[in-house]
>>> print(open('final_33.txt').read())   # compact mmCIF, C-alpha atoms
# COMPACT_ATOMS: atom_id res chain seq x y z
CA MET J 170 -28.85 -15.96 -9.40
CA SER J 171 -32.23 -17.56 -8.99
CA GLY J 172 -30.75 -21.04 -8.41
CA LEU J 173 -28.79 -19.87 -5.39
CA THR J 174 -29.90 -20.22 -1.81
CA GLU J 175 -30.83 -17.21 0.27
CA GLY J 176 -27.81 -18.01 2.44
CA ALA J 177 -25.50 -17.84 -0.58
CA LYS J 178 -27.03 -14.52 -1.61
CA ARG J 179 -26.58 -13.18 1.92
CA GLN J 180 -22.94 -14.34 1.99
CA LEU J 181 -22.36 -12.68 -1.37
CA GLY J 182 -23.55 -9.39 0.12
CA ARG J 183 -21.16 -9.84 3.05
CA LEU J 184 -18.28 -10.60 0.70
CA VAL J 185 -19.00 -7.48 -1.35
CA ALA J 186 -18.87 -5.46 1.90
CA VAL J 187 -15.51 -7.03 2.78
CA VAL J 188 -14.12 -6.20 -0.67
CA ARG J 189 -15.36 -2.61 -0.32
CA ASP J 190 -13.54 -2.41 3.02
CA GLU J 191 -10.35 -3.55 1.29
CA ILE J 192 -10.84 -0.97 -1.45
CA ALA J 193 -11.25 1.77 1.17
CA ALA J 194 -8.06 0.58 2.90
CA HIS J 195 -6.13 0.70 -0.37
CA GLU J 196 -7.48 4.18 -1.06
CA ARG J 197 -6.35 5.34 2.40
CA LEU J 198 -2.94 3.75 1.83
CA ASP J 199 -2.63 5.39 -1.58
CA ALA J 200 -3.46 8.80 -0.08
CA LEU J 201 -0.87 8.27 2.66
CA LEU J 202 1.72 7.24 0.09
CA ALA J 203 0.94 10.44 -1.85
CA GLN J 204 1.62 12.42 1.34
CA GLN J 205 4.83 10.52 1.88
CA GLU J 206 5.85 11.10 -1.74
CA ALA J 207 5.26 14.84 -1.43
CA SER J 208 7.22 14.97 1.83
CA VAL J 209 10.38 13.37 0.41
CA ALA J 210 11.34 16.77 -1.01
CA ARG J 211 11.00 18.32 2.47
CA PRO J 212 13.21 16.06 4.60
CA SER J 213 13.42 18.51 7.47
CA SER J 214 9.67 18.52 7.97
CA ASP J 215 7.83 15.98 10.11
CA ALA J 216 5.54 15.16 7.17
CA PHE J 217 7.57 12.15 6.01
CA ARG J 218 7.75 10.64 9.49
CA GLU J 219 4.05 11.26 10.10
CA ALA J 220 3.07 9.73 6.76
CA THR J 221 5.30 6.73 7.44
CA LEU J 222 3.74 6.17 10.87
CA ALA J 223 0.24 6.44 9.38
CA ILE J 224 1.18 3.93 6.66
CA GLU J 225 2.50 1.53 9.30
CA ALA J 226 -0.77 1.86 11.22
CA GLU J 227 -2.81 1.17 8.08
CA LEU J 228 -0.68 -1.85 7.21
CA ALA J 229 -1.04 -3.17 10.75
CA ARG J 230 -4.78 -3.51 10.09
CA ALA J 231 -4.21 -5.63 6.94
CA PRO J 232 -4.18 -9.01 8.77
CA HIS J 233 -7.63 -8.26 10.22
CA ARG J 234 -8.99 -7.49 6.74
CA THR J 235 -7.38 -10.68 5.40
CA GLN J 236 -9.07 -12.68 8.16
CA LYS J 237 -12.43 -11.09 7.35
CA ARG J 238 -12.02 -11.93 3.66
CA GLU J 239 -11.02 -15.53 4.39
CA THR J 240 -13.97 -15.92 6.77
CA ALA J 241 -16.35 -14.53 4.14
CA LEU J 242 -14.94 -16.86 1.47
CA LYS J 243 -15.28 -19.89 3.79
CA ALA J 244 -18.89 -18.96 4.58
CA ILE J 245 -19.86 -18.51 0.95
CA GLY J 246 -17.94 -21.68 0.07
CA ALA J 247 -19.92 -23.60 2.68
CA GLU J 248 -23.17 -22.34 1.12
CA LEU J 249 -21.99 -23.43 -2.32
CA GLY J 250 -20.38 -26.71 -1.23
CA VAL J 251 -16.91 -25.54 -2.29
CA ALA J 252 -13.76 -25.03 -0.21
CA GLY J 253 -13.36 -21.34 0.56
CA ALA J 254 -9.67 -21.49 -0.30
CA ALA J 255 -10.58 -22.57 -3.84
CA LEU J 256 -12.73 -19.48 -4.43
CA THR J 257 -11.63 -16.22 -5.99
CA LEU J 258 -13.57 -13.04 -6.56
CA THR J 259 -13.52 -13.79 -10.28
CA SER J 260 -14.77 -17.36 -9.90
CA LEU J 261 -17.53 -16.24 -7.55
CA ALA J 262 -18.64 -13.43 -9.86
CA GLU J 263 -18.88 -15.96 -12.69
CA ARG J 264 -20.69 -18.49 -10.50
CA PHE J 265 -23.29 -15.88 -9.49
CA GLY J 266 -23.86 -14.75 -13.07
CA ALA J 267 -25.76 -11.48 -13.33
CA GLY J 268 -26.15 -11.53 -9.55
CA GLY J 269 -22.36 -11.27 -9.26
CA ASP J 270 -22.18 -7.93 -11.09
CA ALA J 271 -21.61 -5.97 -7.86
CA LEU J 272 -18.80 -8.34 -6.86
CA ARG J 273 -17.30 -8.13 -10.35
CA ASP J 274 -17.37 -4.32 -10.20
CA GLU J 275 -15.77 -4.26 -6.75
CA ARG J 276 -13.14 -6.78 -7.85
CA ASP J 277 -12.24 -4.47 -10.75
CA ARG J 278 -12.05 -1.46 -8.41
CA LEU J 279 -9.89 -3.41 -5.96
CA GLN J 280 -7.54 -4.51 -8.72
CA SER J 281 -7.26 -0.94 -10.03
CA ILE J 282 -6.49 0.65 -6.65
CA ALA J 283 -4.09 -2.17 -5.74
CA LEU J 284 -2.12 -1.57 -8.95
CA ARG J 285 -2.11 2.19 -8.34
CA THR J 286 -0.91 1.68 -4.75
CA GLN J 287 1.79 -0.70 -5.93
CA ALA J 288 3.04 1.83 -8.50
CA ARG J 289 3.05 4.65 -5.96
CA THR J 290 4.91 2.47 -3.44
CA ARG J 291 7.61 1.79 -6.03
CA LYS J 292 7.80 5.49 -6.91
CA VAL J 293 8.19 6.54 -3.26
CA ALA J 294 10.86 3.88 -2.73
CA ALA J 295 12.78 5.17 -5.78
CA LEU J 296 12.48 8.78 -4.56
CA VAL J 297 13.78 7.80 -1.12
CA ARG J 298 16.72 5.93 -2.69
CA VAL J 299 17.59 8.95 -4.86
CA HIS J 300 17.25 11.32 -1.90
CA ARG J 301 19.49 9.07 0.22
CA GLU J 302 22.11 8.93 -2.55
CA VAL J 303 22.09 12.72 -3.04
CA THR J 304 22.41 13.22 0.72
CA ARG J 305 25.29 10.74 0.85
CA GLU J 306 27.07 12.52 -2.01
CA LEU J 307 26.57 15.92 -0.38
CA LEU J 308 27.97 14.66 2.90
CA GLN J 309 30.89 13.02 1.13
CA SER J 310 31.57 16.24 -0.75
CA ALA J 311 31.38 18.32 2.42
CA LEU J 312 33.39 15.96 4.63
CA GLY J 313 35.83 14.64 2.06
CA ASP J 314 36.61 11.12 0.91
CA GLU J 315 36.72 8.62 3.78
CA ASP J 316 39.52 6.66 2.07
CA GLU J 317 41.93 9.63 2.01
CA PRO J 318 44.31 10.00 4.95
CA ARG J 319 43.43 12.88 7.26
CA GLY J 320 46.68 14.35 8.38
CA ASP J 321 45.23 17.82 8.71
CA VAL J 322 41.70 18.22 10.10
CA LEU J 323 41.06 21.27 7.92
CA SER J 324 41.90 19.41 4.73
CA GLY J 325 39.11 16.89 5.40
CA GLY J 326 36.31 18.66 3.59
CA THR J 327 34.67 21.76 2.27
CA LEU J 328 32.88 24.37 4.30
CA ILE J 329 29.28 24.79 3.26
CA ASP J 330 26.53 27.10 4.37
CA ALA J 331 24.09 24.70 6.04
CA GLU J 332 21.45 27.37 6.47
CA VAL J 333 18.65 26.91 3.96
>>> encode(input="final_33.txt", output="structure tokens")
Amino acid sequence: MSGLTEGAKRQLGRLVAVVRDEIAAHERLDALLAQQEASVARPSSDAFREATLAIEAELARAPHRTQKRETALKAIGAELGVAGAALTLTSLAERFGAGGDALRDERDRLQSIALRTQARTRKVAALVRVHREVTRELLQSALGDEDEPRGDVLSGGTLIDAEV
């Protein structure tokens, strides 16, 4: 990293901080998704709604983090004489050589947590779909088939004990 300007080194430090902020955001999101996942089994509790609202709030901050990352990449690109849009964390880590080890490590952490968050998001979505289908089938069983004529109101379904 000895051939790099002090400005480029300073921008690298800023970029590493931005990546760490993104990692922390993904970790928060993953924890919230875990709460949401656990709450799917307890639909009557407020836990699912609260987790969903917290996830929405975390996702609402994503554009700000994206802007910070793009700004950091433009600044480091300006120091290196390269368009910021052409830079990736991998290309920068390679360009900085041994001095890019911290960025390389943070890139790996970011990739790992992003994959974990993606997998948990898919799992929660599948659980919600299954829960919705089971609920639909229970309601259909209790209320009867919607396609059958309902001459007699009492023949429309099955009585169930709704108290859990």
>>> residues_around(input="final_33.txt", residues="Phe217 of chain J", least_positions_apart="5", cutoff="12 Å", atoms="all atoms listed in the file", output="PyMOL selection string")
chain J and resi 201-212+222-224+293+297
>>> closest_residue(input="final_33.txt", among="J:Ala177, J:Glu225, J:Ala194, J:Gln309", to="Lys243 of chain J", atoms="all atoms listed in the file")
J:Ala177
>>> closest_residue(input="final_33.txt", among="J:Leu256, J:Val187, J:Leu307, J:Leu312", to="Gln236 of chain J", atoms="only C-alpha atoms")
J:Val187
>>> residues_around(input="final_33.txt", residues="Leu284 of chain J", least_positions_apart="4", cutoff="12 Å", atoms="all atoms listed in the file", output="JSON, numbers by chain")
{"J": [192, 195, 196, 199, 277, 278, 279, 280, 288, 289, 290, 291]}
>>> closest_residue(input="final_33.txt", among="J:Leu258, J:Leu198, J:Leu181, J:Glu191", to="His233 of chain J", atoms="all atoms listed in the file")
J:Glu191
>>> closest_residue(input="final_33.txt", among="J:Arg305, J:Leu184, J:Asp274, J:Ala283", to="Arg238 of chain J", atoms="only C-alpha atoms")
J:Leu184
>>> closest_residue(input="final_33.txt", among="J:Arg218, J:Glu263, J:Leu272, J:Thr257", to="Ala186 of chain J", atoms="all atoms listed in the file")
J:Leu272
>>> atom_distance(input="final_33.txt", atom1="atom CA of Glu239 of chain J", atom2="atom CA of Thr221 of chain J")
27.8 Å
>>> atom_distance(input="final_33.txt", atom1="atom CA of Thr174 of chain J", atom2="atom CA of Ala254 of chain J")
20.3 Å
>>> closest_residue(input="final_33.txt", among="J:Ala267, J:Pro232, J:Val299, J:Thr240", to="Ala252 of chain J", atoms="only C-alpha atoms")
J:Thr240
>>> decode(input="final_33.txt", residues="segment 256-268 of chain J", atoms="N, CA, C and O atoms", output="PDB file, in the first residue's frame")
ATOM      1  N   LEU J 256     -15.803   0.364  -9.390  1.00  0.00           N
ATOM      2  CA  LEU J 256     -15.109  -0.282  -8.281  1.00  0.00           C
ATOM      3  C   LEU J 256     -16.017  -1.233  -7.520  1.00  0.00           C
ATOM      4  O   LEU J 256     -17.204  -0.968  -7.342  1.00  0.00           O
ATOM      5  N   THR J 257     -15.423  -2.328  -7.079  1.00  0.00           N
ATOM      6  CA  THR J 257     -16.100  -3.266  -6.186  1.00  0.00           C
ATOM      7  C   THR J 257     -15.215  -3.445  -4.966  1.00  0.00           C
ATOM      8  O   THR J 257     -14.021  -3.081  -4.990  1.00  0.00           O
ATOM      9  N   LEU J 258     -15.778  -4.012  -3.927  1.00  0.00           N
ATOM     10  CA  LEU J 258     -14.967  -4.275  -2.738  1.00  0.00           C
ATOM     11  C   LEU J 258     -13.821  -5.220  -3.080  1.00  0.00           C
ATOM     12  O   LEU J 258     -12.694  -5.046  -2.603  1.00  0.00           O
ATOM     13  N   THR J 259     -14.095  -6.197  -3.915  1.00  0.00           N
ATOM     14  CA  THR J 259     -13.058  -7.154  -4.310  1.00  0.00           C
ATOM     15  C   THR J 259     -11.949  -6.467  -5.098  1.00  0.00           C
ATOM     16  O   THR J 259     -10.761  -6.658  -4.821  1.00  0.00           O
ATOM     17  N   SER J 260     -12.330  -5.641  -6.082  1.00  0.00           N
ATOM     18  CA  SER J 260     -11.307  -4.987  -6.895  1.00  0.00           C
ATOM     19  C   SER J 260     -10.482  -4.018  -6.054  1.00  0.00           C
ATOM     20  O   SER J 260      -9.267  -3.891  -6.259  1.00  0.00           O
ATOM     21  N   LEU J 261     -11.112  -3.349  -5.119  1.00  0.00           N
ATOM     22  CA  LEU J 261     -10.372  -2.435  -4.255  1.00  0.00           C
ATOM     23  C   LEU J 261      -9.424  -3.190  -3.330  1.00  0.00           C
ATOM     24  O   LEU J 261      -8.281  -2.767  -3.128  1.00  0.00           O
ATOM     25  N   ALA J 262      -9.890  -4.294  -2.763  1.00  0.00           N
ATOM     26  CA  ALA J 262      -9.024  -5.076  -1.880  1.00  0.00           C
ATOM     27  C   ALA J 262      -7.789  -5.556  -2.645  1.00  0.00           C
ATOM     28  O   ALA J 262      -6.670  -5.515  -2.126  1.00  0.00           O
ATOM     29  N   GLU J 263      -7.991  -5.974  -3.887  1.00  0.00           N
ATOM     30  CA  GLU J 263      -6.856  -6.403  -4.708  1.00  0.00           C
ATOM     31  C   GLU J 263      -5.931  -5.229  -5.024  1.00  0.00           C
ATOM     32  O   GLU J 263      -4.712  -5.348  -4.963  1.00  0.00           O
ATOM     33  N   ARG J 264      -6.514  -4.104  -5.357  1.00  0.00           N
ATOM     34  CA  ARG J 264      -5.740  -2.911  -5.714  1.00  0.00           C
ATOM     35  C   ARG J 264      -4.876  -2.448  -4.533  1.00  0.00           C
ATOM     36  O   ARG J 264      -3.759  -1.986  -4.724  1.00  0.00           O
ATOM     37  N   PHE J 265      -5.398  -2.564  -3.322  1.00  0.00           N
ATOM     38  CA  PHE J 265      -4.667  -2.115  -2.136  1.00  0.00           C
ATOM     39  C   PHE J 265      -3.689  -3.160  -1.609  1.00  0.00           C
ATOM     40  O   PHE J 265      -2.930  -2.880  -0.688  1.00  0.00           O
ATOM     41  N   GLY J 266      -3.711  -4.351  -2.191  1.00  0.00           N
ATOM     42  CA  GLY J 266      -2.766  -5.390  -1.768  1.00  0.00           C
ATOM     43  C   GLY J 266      -2.936  -5.740  -0.294  1.00  0.00           C
ATOM     44  O   GLY J 266      -4.047  -5.889   0.193  1.00  0.00           O
ATOM     45  N   ALA J 267      -1.794  -5.838   0.404  1.00  0.00           N
ATOM     46  CA  ALA J 267      -1.836  -6.185   1.826  1.00  0.00           C
ATOM     47  C   ALA J 267      -2.592  -5.124   2.628  1.00  0.00           C
ATOM     48  O   ALA J 267      -3.212  -5.433   3.647  1.00  0.00           O
ATOM     49  N   GLY J 268      -2.573  -3.893   2.155  1.00  0.00           N
ATOM     50  CA  GLY J 268      -3.303  -2.820   2.837  1.00  0.00           C
ATOM     51  C   GLY J 268      -4.811  -2.971   2.729  1.00  0.00           C
ATOM     52  O   GLY J 268      -5.552  -2.329   3.459  1.00  0.00           O
TER      53      GLY J 268
END
